[in-house]
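Asks: Following this line is model.txt, made up of compact mmCIF, C-alpha atoms:
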# COMPACT_ATOMS: atom_id res chain seq x y z
CA MET A 1 108.42 73.91 5.36
CA ILE A 2 106.26 71.84 3.07
CA ARG A 3 103.00 73.43 4.22
CA PHE A 4 104.13 76.93 3.30
CA LYS A 5 105.47 75.78 -0.07
CA GLN A 6 102.13 74.17 -0.85
CA ILE A 7 100.28 77.33 0.04
CA GLU A 8 102.68 79.36 -2.10
CA GLU A 9 102.06 77.09 -5.09
CA ARG A 10 98.31 77.32 -4.73
CA LEU A 11 98.49 81.07 -4.19
CA LYS A 12 100.40 81.44 -7.44
CA LYS A 13 97.98 79.17 -9.28
CA GLU A 14 94.91 81.06 -8.08
CA ALA A 15 96.52 84.45 -8.70
CA LYS A 16 97.39 83.43 -12.24
CA ARG A 17 93.90 82.11 -12.92
CA LEU A 18 92.23 85.25 -11.54
CA LEU A 19 94.49 87.67 -13.41
CA GLU A 20 94.30 85.72 -16.68
CA SER A 21 90.53 85.61 -16.68
CA GLY A 22 90.38 89.31 -15.81
CA ALA A 23 88.28 88.58 -12.73
CA VAL A 24 90.51 90.88 -10.71
CA ALA A 25 92.78 93.81 -11.55
CA VAL A 26 95.28 93.18 -8.82
CA VAL A 27 96.32 90.41 -6.45
CA LEU A 28 97.64 91.49 -3.05
CA ALA A 29 100.17 89.01 -1.70
CA TYR A 30 103.84 88.85 -0.73
CA GLU A 31 107.11 89.02 -2.63
CA LYS A 32 110.65 88.15 -1.77
CA GLY A 33 112.48 90.79 0.21
CA TYR A 34 116.22 91.21 0.69
CA ASP A 35 116.30 87.87 2.45
CA GLU A 36 113.97 85.06 3.34
CA LYS A 37 113.10 86.55 6.71
CA HIS A 38 111.86 89.81 5.26
CA PRO A 39 109.24 89.28 2.58
CA MET A 40 107.47 92.39 1.34
CA PRO A 41 103.87 93.24 0.54
CA TYR A 42 103.28 92.86 -3.16
CA ALA A 43 100.63 93.83 -5.67
CA ALA A 44 100.63 91.57 -8.71
CA LYS A 45 99.03 93.43 -11.61
CA ASN A 46 99.56 91.00 -14.49
CA VAL A 47 100.28 87.37 -15.13
CA ALA A 48 104.04 87.91 -15.38
CA ASP A 49 104.09 89.35 -11.85
CA VAL A 50 102.69 86.16 -10.37
CA GLU A 51 106.11 84.49 -10.45
CA ASN A 52 107.34 86.94 -7.79
CA ILE A 53 104.77 85.85 -5.22
CA VAL A 54 106.14 84.01 -2.21
CA PHE A 55 104.68 82.72 1.02
CA ASN A 56 106.63 81.61 4.05
CA GLU A 57 106.39 81.72 7.84
CA TYR A 58 107.53 85.35 7.96
CA CYS A 59 104.72 86.70 5.76
CA ASN A 60 102.85 88.24 8.65
CA TYR A 61 101.95 91.59 7.12
CA ASN A 62 98.28 92.36 7.14
CA MET A 63 97.49 92.92 3.48
CA ALA A 64 94.08 94.38 4.29
CA ARG A 65 96.09 97.54 4.96
CA TYR A 66 96.43 98.08 1.22
CA LEU A 67 92.78 97.61 0.24
CA VAL A 68 91.79 101.18 1.03
CA ARG A 69 94.50 102.55 -1.26
CA TYR A 70 92.63 101.43 -4.36
CA PRO A 71 89.67 103.43 -5.66
CA GLN A 72 86.27 101.97 -4.77
CA GLY A 73 85.17 99.47 -7.37
CA THR A 74 88.64 98.09 -8.16
CA LYS A 75 88.44 94.32 -8.28
CA ILE A 76 91.01 92.94 -5.89
CA ALA A 77 92.07 89.49 -4.85
CA ILE A 78 93.77 89.44 -1.49
CA ALA A 79 95.66 86.81 0.46
CA VAL A 80 94.17 86.73 3.95
CA LYS A 81 95.28 84.96 7.07
CA ALA A 82 92.99 84.69 10.10
CA ALA A 83 93.34 88.22 11.49
CA ASP A 84 93.57 89.71 8.00
CA SER A 85 90.18 88.26 7.08
CA ARG A 86 88.74 89.91 10.18
CA ALA A 87 90.27 93.19 9.05
CA VAL A 88 88.60 92.79 5.67
CA ILE A 89 85.26 92.10 7.38
CA GLN A 90 85.72 95.19 9.51
CA LEU A 91 86.49 97.28 6.42
CA ILE A 92 83.36 95.91 4.75
CA GLN A 93 81.35 96.86 7.86
CA GLU A 94 82.76 100.37 7.63
CA GLU A 95 81.88 100.50 3.91
CA LYS A 96 85.45 101.14 2.89
CA VAL A 97 85.42 98.17 0.53
CA LYS A 98 82.59 96.18 -0.99
CA ARG A 99 82.32 92.42 -0.69
CA GLU A 100 81.42 91.93 -4.34
CA TYR A 101 84.67 93.48 -5.55
CA LEU A 102 86.85 91.24 -3.43
CA VAL A 103 88.17 87.74 -3.88
CA LEU A 104 89.52 86.46 -0.58
CA LEU A 105 92.24 83.86 -0.83
CA GLY A 106 92.10 82.36 2.65
CA ILE A 107 95.29 81.00 4.18
CA PRO A 108 95.04 78.82 7.28
CA VAL A 109 98.17 79.49 9.26
CA GLN A 110 100.11 77.80 11.93
CA GLY A 111 103.54 78.69 13.24
CA MET A 112 104.01 82.12 11.70
CA LYS A 113 107.16 83.71 13.02
CA ASN A 114 108.14 87.19 14.02
CA PRO A 115 111.29 88.02 11.99
CA LYS A 116 112.59 90.34 14.72
CA THR A 117 112.54 87.85 17.56
CA GLY A 118 112.16 84.54 15.74
CA GLU A 119 109.32 83.63 18.08
CA VAL A 120 106.18 81.90 16.91
CA ILE A 121 103.27 84.35 16.81
CA ASP A 122 100.39 83.12 18.95
CA SER A 123 97.53 84.40 21.09
CA LYS A 124 99.95 86.35 23.28
CA THR A 125 100.38 89.09 20.72
CA THR A 126 97.51 88.45 18.29
CA CYS A 127 94.01 87.01 18.23
CA GLY A 128 95.56 83.55 18.02
CA MET A 129 93.15 82.30 15.37
CA HIS A 130 94.33 79.89 12.71
CA ASN A 131 91.63 79.81 10.06
CA PRO A 132 90.29 82.81 8.15
CA VAL A 133 86.76 83.80 9.15
CA LEU A 134 85.71 84.71 5.65
CA TYR A 135 87.17 83.46 2.37
CA ASP A 136 86.25 82.53 -1.17
CA ILE A 137 89.03 80.07 -1.84
CA LEU A 138 90.89 78.29 0.92
CA LEU A 139 94.52 77.54 0.08
CA GLY A 140 95.43 74.55 2.20
CA ASP A 141 93.56 72.60 4.83
CA GLU A 142 91.91 74.12 7.83
CA VAL A 143 93.95 73.91 11.00
CA HIS A 144 92.17 72.13 13.82
CA GLY A 145 92.89 70.39 17.06
CA HIS A 146 94.53 73.27 18.88
CA LYS A 147 93.70 74.16 22.39
CA ILE A 148 91.70 77.36 22.23
CA VAL A 149 93.45 79.99 24.29
CA SER A 150 91.72 83.25 25.01
CA PRO A 151 93.67 86.13 23.43
CA TYR A 152 92.99 88.10 26.60
CA ASP A 153 94.84 85.74 28.94
CA VAL A 154 98.03 87.74 28.55
CA LEU A 155 96.31 90.75 30.15
CA VAL A 156 95.88 89.15 33.58
CA GLN A 157 99.18 90.36 35.01
CA TYR A 158 98.63 93.92 33.80
CA GLU A 159 95.09 94.07 35.11
CA ALA A 160 96.32 92.91 38.50
CA MET A 161 98.81 95.76 38.67
CA ASP A 162 98.24 98.71 40.93
CA LYS A 163 97.04 101.73 38.93
CA ASP A 164 100.15 103.76 39.73
CA ALA A 165 102.39 100.89 38.67
CA ARG A 166 100.38 100.60 35.47
CA TRP A 167 100.76 104.31 34.84
CA GLU A 168 104.52 104.03 35.35
CA PHE A 169 104.60 101.06 32.98
CA TRP A 170 102.73 102.84 30.20
CA LYS A 171 104.59 106.09 30.72
CA LYS A 172 107.90 104.27 30.39
CA GLU A 173 106.74 102.39 27.30
CA LEU A 174 105.13 105.34 25.54
CA ASP A 175 108.03 107.66 26.33
CA LYS A 176 110.10 105.44 24.06
CA CYS A 177 107.91 106.37 21.10
CA ILE A 178 109.81 108.23 18.39
CA ARG A 179 106.62 109.15 16.53
CA CYS A 180 107.52 107.41 13.31
CA TYR A 181 103.85 106.45 12.93
CA ALA A 182 104.76 102.96 11.79
CA CYS A 183 101.89 101.65 13.95
CA ARG A 184 99.50 103.84 12.02
CA LYS A 185 100.97 102.83 8.67
CA ALA A 186 100.83 99.12 9.48
CA CYS A 187 97.30 99.18 10.88
CA PRO A 188 94.57 98.04 8.50
CA MET A 189 91.99 100.11 10.36
CA CYS A 190 93.98 103.38 10.36
CA TYR A 191 92.89 104.97 7.12
CA CYS A 192 91.77 108.48 8.17
CA ASP A 193 93.00 111.22 5.92
CA PRO A 194 94.19 113.36 7.56
CA CYS A 195 94.92 111.54 10.79
CA PHE A 196 93.98 113.62 13.83
CA ILE A 197 97.66 113.91 14.74
CA ASP A 198 98.47 115.57 11.42
CA GLN A 199 95.85 118.26 11.89
CA SER A 200 97.04 121.69 12.92
CA LYS A 201 93.59 123.18 13.47
CA PRO A 202 92.75 122.09 16.08
CA LYS A 203 96.17 120.95 17.15
CA TRP A 204 95.30 117.91 19.20
CA ALA A 205 98.75 117.12 20.46
CA ASP A 206 102.34 118.16 20.42
CA LYS A 207 104.11 116.71 17.41
CA ALA A 208 107.49 116.44 19.07
CA PRO A 209 108.29 112.96 20.39
CA GLN A 210 107.82 113.98 24.00
CA SER A 211 105.86 112.50 26.80
CA SER A 212 102.69 114.59 26.54
CA GLY A 213 102.28 114.35 22.79
CA ASN A 214 103.05 110.65 22.79
CA MET A 215 100.45 110.02 25.46
CA MET A 216 97.80 112.00 23.60
CA TYR A 217 98.60 110.30 20.29
CA HIS A 218 98.46 106.80 21.69
CA LEU A 219 95.47 107.25 24.00
CA THR A 220 93.46 108.76 21.17
CA ARG A 221 94.58 106.08 18.77
CA PHE A 222 93.51 103.40 21.26
CA HIS A 223 90.14 105.05 21.40
CA HIS A 224 89.81 105.35 17.64
CA LEU A 225 90.44 101.63 17.37
CA ALA A 226 88.04 100.69 20.15
CA GLY A 227 85.73 97.98 18.91
CA ARG A 228 87.51 97.99 15.55
CA CYS A 229 90.92 96.56 16.37
CA ILE A 230 91.03 93.02 15.04
CA ASP A 231 94.09 92.09 17.04
CA CYS A 232 96.53 91.26 14.26
CA GLY A 233 99.41 92.65 16.30
CA GLU A 234 100.93 94.41 13.29
CA CYS A 235 101.34 97.70 15.20
CA SER A 236 103.66 96.16 17.75
CA ARG A 237 105.62 94.20 15.15
CA ALA A 238 106.07 97.34 13.07
CA CYS A 239 107.20 99.36 16.08
CA PRO A 240 110.95 100.08 15.87
CA VAL A 241 111.22 100.60 19.64
CA ASN A 242 109.08 97.59 20.59
CA ILE A 243 106.24 99.24 22.47
CA PRO A 244 103.72 96.50 23.38
CA LEU A 245 100.80 98.36 21.81
CA TYR A 246 98.94 95.09 21.36
CA LEU A 247 98.39 94.92 25.14
CA PHE A 248 96.37 98.10 25.20
CA HIS A 249 94.46 97.18 22.06
CA LYS A 250 93.64 93.80 23.54
CA LYS A 251 92.39 95.40 26.73
CA VAL A 252 90.14 97.83 24.86
CA ALA A 253 88.86 95.01 22.65
CA LYS A 254 88.12 92.95 25.74
CA GLU A 255 86.21 95.76 27.41
CA CYS A 256 84.22 96.41 24.23
CA GLU A 257 83.38 92.74 23.98
CA GLU A 258 82.19 92.69 27.59
CA MET A 259 80.19 95.90 27.29
CA PHE A 260 78.64 95.45 23.88
CA ASN A 261 78.76 91.68 23.34
CA GLN A 262 80.38 91.97 19.97
CA ARG A 263 83.78 91.10 18.68
CA ALA A 264 85.34 93.16 15.92
CA GLY A 265 85.46 91.68 12.44
CA MET A 266 83.51 88.49 12.95
CA SER A 267 80.52 89.06 10.68
CA ILE A 268 79.72 91.40 7.78
CA GLU A 269 76.24 91.95 9.19
CA ASP A 270 77.54 93.61 12.38
CA LYS A 271 78.02 97.31 12.79
CA PRO A 272 81.12 98.72 14.52
CA VAL A 273 80.13 99.13 18.17
CA LEU A 274 80.94 102.81 18.52
CA ILE A 275 78.86 103.94 15.57
CA ASP A 276 75.97 101.91 16.89
CA PHE A 277 73.94 101.84 20.09
CA ARG A 278 71.28 99.88 21.89
CA VAL A 279 68.52 101.58 23.81
CA GLU A 280 68.95 98.89 26.43
CA ASP A 281 72.66 99.66 27.01
CA SER A 282 73.08 99.96 30.73
CA ASP A 283 74.34 103.07 32.51
CA LYS A 284 76.51 100.67 34.49
CA ILE A 285 79.12 100.79 31.75
CA LEU A 286 79.80 104.38 32.75
CA GLU A 287 80.71 103.51 36.31
CA MET B 288 96.06 125.87 51.72
CA GLU B 289 93.30 123.48 50.85
CA PHE B 290 93.43 121.92 47.40
CA GLU B 291 90.85 123.48 45.12
CA PRO B 292 90.36 121.24 42.10
CA LYS B 293 89.86 122.52 38.59
CA ILE B 294 87.00 120.68 37.02
CA LEU B 295 85.98 120.91 33.40
CA GLY B 296 82.25 120.60 32.94
CA ILE B 297 80.99 119.80 29.48
CA ALA B 298 77.25 120.28 29.34
CA CYS B 299 74.75 119.64 26.60
CA ASN B 300 72.83 122.73 25.52
CA TRP B 301 69.36 121.25 25.87
CA CYS B 302 69.42 119.54 29.23
CA THR B 303 72.41 119.93 31.51
CA TYR B 304 73.26 123.51 30.53
CA THR B 305 69.67 124.57 31.01
CA GLY B 306 69.66 122.60 34.25
CA ALA B 307 72.73 124.51 35.39
CA ASP B 308 70.95 127.71 34.44
CA LEU B 309 68.03 126.64 36.59
CA ALA B 310 70.37 125.93 39.48
CA GLY B 311 71.59 129.49 39.09
CA THR B 312 68.20 131.17 38.82
CA THR B 313 66.93 129.28 41.85
CA ARG B 314 70.00 130.56 43.75
CA LEU B 315 71.29 127.12 44.68
CA GLU B 316 74.74 127.09 46.18
CA TYR B 317 77.37 124.76 44.80
CA PRO B 318 81.18 124.77 44.66
CA PRO B 319 82.70 127.13 42.09
CA ASN B 320 85.24 124.55 40.90
CA VAL B 321 83.42 123.55 37.75
CA ARG B 322 84.04 125.54 34.58
CA VAL B 323 81.20 124.74 32.25
CA VAL B 324 81.61 124.54 28.50
CA ARG B 325 78.44 124.30 26.44
CA VAL B 326 78.18 121.88 23.55
CA MET B 327 75.13 121.19 21.43
CA CYS B 328 74.93 117.53 22.38
CA SER B 329 76.84 115.10 24.56
CA SER B 330 77.75 113.19 21.40
CA ARG B 331 79.66 116.29 20.29
CA ILE B 332 82.23 115.37 22.91
CA ASN B 333 85.25 113.83 21.34
CA PRO B 334 87.03 111.71 23.99
CA SER B 335 90.21 113.55 22.95
CA PHE B 336 88.65 116.64 24.59
CA ILE B 337 88.81 114.75 27.85
CA PHE B 338 92.37 113.50 27.42
CA ARG B 339 93.40 117.00 26.39
CA ALA B 340 91.65 118.60 29.37
CA PHE B 341 93.61 116.34 31.70
CA GLN B 342 96.81 117.30 29.91
CA LEU B 343 96.05 121.00 30.22
CA GLY B 344 95.54 120.79 33.94
CA ALA B 345 92.00 119.63 34.71
CA ASP B 346 91.70 117.50 37.84
CA GLY B 347 88.37 116.10 36.81
CA VAL B 348 85.94 116.15 33.91
CA LEU B 349 82.19 116.18 34.39
CA VAL B 350 80.09 115.42 31.36
CA GLY B 351 76.39 116.22 31.40
CA GLY B 352 73.80 115.09 28.90
CA CYS B 353 70.10 114.47 28.54
CA HIS B 354 68.62 111.34 30.04
CA PRO B 355 68.77 108.43 27.56
CA GLY B 356 65.69 108.67 25.42
CA ASP B 357 65.33 112.43 25.98
CA CYS B 358 68.05 113.60 23.63
CA HIS B 359 67.10 116.65 21.60
CA TYR B 360 68.57 114.86 18.59
CA ASN B 361 66.87 111.59 19.57
CA THR B 362 69.91 109.33 19.76
CA GLY B 363 72.96 111.51 20.42
CA ASN B 364 73.43 110.58 24.05
CA LEU B 365 73.11 106.88 23.29
CA TYR B 366 76.19 107.11 21.07
CA ALA B 367 77.89 109.29 23.68
CA ARG B 368 77.26 106.69 26.36
CA ARG B 369 79.19 104.01 24.49
CA ARG B 370 81.93 106.40 23.50
CA LEU B 371 82.51 107.81 26.98
CA ALA B 372 82.35 104.38 28.58
CA THR B 373 85.21 103.26 26.32
CA ALA B 374 87.16 106.44 27.09
CA LYS B 375 86.80 105.67 30.77
CA LYS B 376 88.14 102.14 30.35
CA ILE B 377 91.10 103.53 28.43
CA LEU B 378 91.89 106.00 31.22
CA GLU B 379 91.62 103.20 33.72
CA PHE B 380 94.01 100.89 31.91
CA ALA B 381 96.47 103.74 31.40
CA GLY B 382 96.57 104.05 35.18
CA ILE B 383 94.52 107.20 35.67
CA GLU B 384 91.78 107.08 38.29
CA PRO B 385 88.55 106.44 36.36
CA GLY B 386 86.73 108.46 39.02
CA ARG B 387 88.14 111.62 37.48
CA LEU B 388 85.70 111.31 34.62
CA ARG B 389 82.05 111.36 35.47
CA VAL B 390 79.08 111.21 33.16
CA GLU B 391 75.69 112.28 34.47
CA TRP B 392 72.32 112.60 32.85
CA ILE B 393 70.78 115.84 34.10
CA SER B 394 67.59 117.19 32.56
CA ALA B 395 66.62 120.85 32.16
CA SER B 396 64.34 120.69 35.20
CA GLU B 397 66.92 119.13 37.50
CA GLY B 398 68.69 122.20 38.85
CA ASN B 399 68.89 120.48 42.22
CA LYS B 400 70.55 117.44 40.76
CA PHE B 401 73.12 119.61 38.98
CA ALA B 402 74.07 121.31 42.25
CA GLU B 403 74.23 117.96 44.04
CA VAL B 404 76.36 116.32 41.38
CA VAL B 405 78.82 119.22 41.34
CA GLU B 406 79.03 119.14 45.13
CA GLU B 407 79.60 115.39 45.21
CA PHE B 408 82.07 115.35 42.34
CA THR B 409 84.11 118.21 43.81
CA THR B 410 84.45 116.33 47.09
CA GLN B 411 85.42 113.19 45.21
CA ILE B 412 88.15 115.00 43.27
CA LYS B 413 89.38 116.69 46.45
CA ASN B 414 89.82 113.25 47.95
CA LEU B 415 91.66 112.00 44.86
CA GLY B 416 94.04 114.95 45.00
CA PRO B 417 95.61 116.84 42.11
CA GLN B 418 95.86 115.11 38.78
CA ILE B 419 99.56 115.13 37.93
CA LYS B 420 99.92 112.06 35.74
CA LEU B 421 98.67 113.42 32.43
CA LYS B 422 99.29 117.08 33.16
CA ILE B 423 101.94 118.61 30.95
CA GLN B 424 104.82 119.70 33.15
CA GLU B 425 106.02 123.22 32.53
CA PRO B 426 109.70 123.16 31.57
Output the structure of this file as structure tokens.
Replies:
Amino acid sequence: MIRFKQIEERLKKEAKRLLESGAVAVVLAYEKGYDEKHPMPYAAKNVADVENIVFNEYCNYNMARYLVRYPQGTKIAIAVKAADSRAVIQLIQEEKVKREYLVLLGIPVQGMKNPKTGEVIDSKTTCGMHNPVLYDILLGDEVHGHKIVSPYDVLVQYEAMDKDARWEFWKKELDKCIRCYACRKACPMCYCDPCFIDQSKPKWADKAPQSSGNMMYHLTRFHHLAGRCIDCGECSRACPVNIPLYLFHKKVAKECEEMFNQRAGMSIEDKPVLIDFRVEDSDKILE
Amino acid sequence: MEFEPKILGIACNWCTYTGADLAGTTRLEYPPNVRVVRVMCSSRINPSFIFRAFQLGADGVLVGGCHPGDCHYNTGNLYARRRLATAKKILEFAGIEPGRLRVEWISASEGNKFAEVVEEFTTQIKNLGPQIKLKIQEP
């Protein structure tokens, strides 16, 4: 597609300029994988590396995942799509990265595809936004003129379910989990070291891929991401057994938005909802 | 035999635990189904405690804290309120009755309220029946 080629060219140009001038130490983007459908995350560290950068409709990894791996103060340029820019904002809110050390190369996207299914990624599995919320340089023109669909529409059928049916649904889905922790590895907001599931004192959950441990791992993870999940859908795309984790994350995000009137990753001035409070919060939320 | 629920009570040291103490010293009668664990503040409660309690066989969890604005640490229960509200929504969407988790603000002078809440909550859990969804099944 011409659009993606154009973005790739501009991405290379900007990466080259930034690395040459020494404005950044590393550019986080994508490189060619074993075939066109499977590009890989890539860190370009010098001008010669820039040639390896690619961008196509399968580049759906959230590169914000890799920001926290660099020591604080490293100057990084990062290619961000819509949800990725929200992840960066959320990381700035959580003081994991600083705005002044980042150069955000915004990419307006349209028609990204899931390499596993070949389907176009839209508001069913992600936040459905097209333009990055925050960027320094925009590569390509903003995408407009789309009908705005609420990312929570997909939840309707699950909310209408009877609670026992919903339990059966989640039990069946989460029982599939093989505990590879790909969801945790792909998630830009999962940076705890050690993760609660790796702790042995206290031992929060069984580490064997069995029903009880799976349930504990996932329920706790949903809670840890409450009000922080930026709905990029990477967890479900990374999942080798196709658990629709995005559904639960969407639901928690929706509830947080209703209770606290704040959406994750929309402004650097916000504070994550669960490390914040309002005196005027109502007790009704506990009912 | 009638179903006797096991209820985990998590009470904050400064208000609810002292309130429970008061209920005891004033010889109020209330059901013996609640096992109270003392924590220093309701914000000490990690929602994983609640999930884990359900896994280890609790039929209900009762969380007690100071009234908003009365926290011994000024703001602890205000954080706890948001945290526990989210935990409740998660339980609900997972298909577990949200009524099995109850959060009450009970001050140190409200021994009566403590007894009433325990009474009411025990009846509520009895009506809901045993919690078998999250409970780890013995092999």
Asks: Using all atoms listed in the file, which of A:Cys183, A:Cys195, A:Ala87, A:Ala253 sits nearest Cys232 of chain A?
Replies: A:Ala87
Asks: What's the separation between atom CA of Tyr42 of chain A and atom CA of Leu28 of chain A, in Å to one decimal place?
Replies: 5.8 Å
Asks: Quick one, how far is atom CA of Val27 of chain A from atom CA of Asp49 of chain A?
Replies: 9.5 Å
Asks: Against chain A, which residues of chain B fall within 9 Å? For each one I want the closest pair of atoms and the distance in Å (one decimal), counting all atoms listed in the file, rows by chain and increasing residue number, as a tab-separated table.
Replies:
residue	atom	partner	partner_atom	distance
B:Pro334	CA	A:Thr220	CA	7.6
B:Ser335	CA	A:Thr220	CA	6.1
B:Phe336	CA	A:Trp204	CA	8.7
B:Phe338	CA	A:Met216	CA	6.8
B:Arg339	CA	A:Met216	CA	7.2
B:Gln342	CA	A:Ser212	CA	7.3
B:Pro355	CA	A:Val279	CA	7.8
B:Gly356	CA	A:Val279	CA	7.8
B:Thr362	CA	A:Phe277	CA	8.5
B:Leu365	CA	A:Phe277	CA	6.0
B:Tyr366	CA	A:Phe277	CA	5.8
B:Ala367	CA	A:Leu274	CA	8.8
B:Arg368	CA	A:Leu286	CA	7.3
B:Arg369	CA	A:Leu274	CA	6.3
B:Arg370	CA	A:Leu274	CA	6.2
B:Leu371	CA	A:Leu286	CA	7.2
B:Ala372	CA	A:Leu286	CA	4.9
B:Thr373	CA	A:His223	CA	7.2
B:Ala374	CA	A:His223	CA	6.6
B:Lys375	CA	A:Leu286	CA	7.4
B:Lys376	CA	A:Val252	CA	7.3
B:Ile377	CA	A:Val252	CA	6.8
B:Leu378	CA	A:Leu219	CA	8.2
B:Glu379	CA	A:Lys163	CA	7.7
B:Phe380	CA	A:Arg166	CA	7.3
B:Ala381	CA	A:Trp167	CA	5.5
B:Gly382	CA	A:Trp167	CA	4.2
B:Ile383	CA	A:Lys163	CA	6.8
B:Glu384	CA	A:Lys163	CA	7.5
B:Pro385	CA	A:Glu287	CA	8.4
B:Gly386	CA	A:Glu287	CA	8.3
B:Arg389	CA	A:Leu286	CA	7.8
B:Val390	CA	A:Leu286	CA	6.9
B:Lys420	CA	A:Trp167	CA	7.8
B:Leu421	CA	A:Ser212	CA	7.2
B:Lys422	CA	A:Ser212	CA	7.8
B:Ile423	CA	A:Ser212	CA	6.0
B:Gln424	CA	A:Ser212	CA	8.6
Asks: Can I get the selected residues back with C-alpha atoms, as a PDB file, in the coordinates of the input?
Replies:
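Ended up saving to again_17.pdb:
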ATOM      1  CA  PRO B 334      87.030 111.710  23.990  1.00  0.00           C
ATOM      2  CA  SER B 335      90.210 113.550  22.950  1.00  0.00           C
ATOM      3  CA  PHE B 336      88.650 116.640  24.590  1.00  0.00           C
ATOM      4  CA  PHE B 338      92.370 113.500  27.420  1.00  0.00           C
ATOM      5  CA  ARG B 339      93.400 117.000  26.390  1.00  0.00           C
ATOM      6  CA  GLN B 342      96.810 117.300  29.910  1.00  0.00           C
ATOM      7  CA  PRO B 355      68.770 108.430  27.560  1.00  0.00           C
ATOM      8  CA  GLY B 356      65.690 108.670  25.420  1.00  0.00           C
ATOM      9  CA  THR B 362      69.910 109.330  19.760  1.00  0.00           C
ATOM     10  CA  LEU B 365      73.110 106.880  23.290  1.00  0.00           C
ATOM     11  CA  TYR B 366      76.190 107.110  21.070  1.00  0.00           C
ATOM     12  CA  ALA B 367      77.890 109.290  23.680  1.00  0.00           C
ATOM     13  CA  ARG B 368      77.260 106.690  26.360  1.00  0.00           C
ATOM     14  CA  ARG B 369      79.190 104.010  24.490  1.00  0.00           C
ATOM     15  CA  ARG B 370      81.930 106.400  23.500  1.00  0.00           C
ATOM     16  CA  LEU B 371      82.510 107.810  26.980  1.00  0.00           C
ATOM     17  CA  ALA B 372      82.350 104.380  28.580  1.00  0.00           C
ATOM     18  CA  THR B 373      85.210 103.260  26.320  1.00  0.00           C
ATOM     19  CA  ALA B 374      87.160 106.440  27.090  1.00  0.00           C
ATOM     20  CA  LYS B 375      86.800 105.670  30.770  1.00  0.00           C
ATOM     21  CA  LYS B 376      88.140 102.140  30.350  1.00  0.00           C
ATOM     22  CA  ILE B 377      91.100 103.530  28.430  1.00  0.00           C
ATOM     23  CA  LEU B 378      91.890 106.000  31.220  1.00  0.00           C
ATOM     24  CA  GLU B 379      91.620 103.200  33.720  1.00  0.00           C
ATOM     25  CA  PHE B 380      94.010 100.890  31.910  1.00  0.00           C
ATOM     26  CA  ALA B 381      96.470 103.740  31.400  1.00  0.00           C
ATOM     27  CA  GLY B 382      96.570 104.050  35.180  1.00  0.00           C
ATOM     28  CA  ILE B 383      94.520 107.200  35.670  1.00  0.00           C
ATOM     29  CA  GLU B 384      91.780 107.080  38.290  1.00  0.00           C
ATOM     30  CA  PRO B 385      88.550 106.440  36.360  1.00  0.00           C
ATOM     31  CA  GLY B 386      86.730 108.460  39.020  1.00  0.00           C
ATOM     32  CA  ARG B 389      82.050 111.360  35.470  1.00  0.00           C
ATOM     33  CA  VAL B 390      79.080 111.210  33.160  1.00  0.00           C
ATOM     34  CA  LYS B 420      99.920 112.060  35.740  1.00  0.00           C
ATOM     35  CA  LEU B 421      98.670 113.420  32.430  1.00  0.00           C
ATOM     36  CA  LYS B 422      99.290 117.080  33.160  1.00  0.00           C
ATOM     37  CA  ILE B 423     101.940 118.610  30.950  1.00  0.00           C
ATOM     38  CA  GLN B 424     104.820 119.700  33.150  1.00  0.00           C
TER      39      GLN B 424
END
Asks: Using all atoms listed in the file, which of B:Thr313, B:Ser329, B:Ser394, B:Asn320 sits nearest Thr410 of chain B?
Replies: B:Asn320
Asks: Contacts of Tyr304 of chain B at 10 Å or less, counting all atoms listed in the file, minus same-chain residues fewer than 4 places along, as a list in words?
Replies: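 That gives Gly296, Ile297, Ala298, Cys299, Asn300, Asp308, Leu309, Ala310, Val323, Val324, Arg325, Val326, Met327, Gly351, Gly352, Cys353, Ile393, Ser394, Ala395, Gly398 and Phe401 of chain B.
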Asks: Go ahead and compute the interatomic distance for atom CA of Asp346 of chain B and atom CA of Val405 of chain B, in Å to one decimal.
Replies: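 Taking atom CA of Asp346 of chain B as the start and atom CA of Val405 of chain B as the end point, the length is 13.5 Å.
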Asks: Nearest to Lys124 of chain A: which of A:Ala48, A:Cys180, A:Leu174, A:Val156 is it, counting only C-alpha atoms?
Replies: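 Distance minimum relative to Lys124 of chain A lands on A:Val156.
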Asks: Please determine, counting all atoms listed in the file, which residue among B:Ala307, B:Val350, B:Ile332, B:Leu343 has the shortest atom-to-atom distance to Gly363 of chain B.
Replies: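 With all atoms listed in the file as the atom set, the closest residue is B:Ile332.
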Asks: Need the shell around segment 11-25 of chain A: protein/DNA/RNA residues with any atom at most 10 Å away, counting only C-alpha atoms. Skip same-chain ones fewer than 2 positions apart. Format as a PyMOL selection string?
Replies: chain A and resi 5-9+27-29+43-55+74-79+101-103+105-107+137-140
Asks: Quick one: of B:Ala402, B:Leu388, B:Met288, B:Cys302, who's nearest to Ala345 of chain B, counting all atoms listed in the file?
Replies: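 Once distances to Ala345 of chain B are computed over all atoms listed in the file, the minimum belongs to B:Leu388.
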Asks: Which of these, A:Ile268, A:Met129, A:Val120, A:Val68, has the shortest distance to Asp84 of chain A once you count only C-alpha atoms?
Replies: A:Met129
Asks: Excluding Asp231 of chain A and residues on its chain fewer than 2 positions from it, collect all residues at most 9 Å away from it, counting all atoms listed in the file, and give them as a PyMOL selection string.
Replies: chain A and resi 83+86-87+125-128+151+228-229+233-234+246+249-250+253+264
Asks: Using only the atoms of segment 379-398 of chain B listed in the file, plus 4 Å on each side, state the axis-aligned box centre and edge lengths in Å rounded to one decimal, as AutoDock Vina command-line options.
Replies:
--center_x 80.5 --center_y 111.5 --center_z 35.2 --size_x 40.2 --size_y 29.3 --size_z 15.6
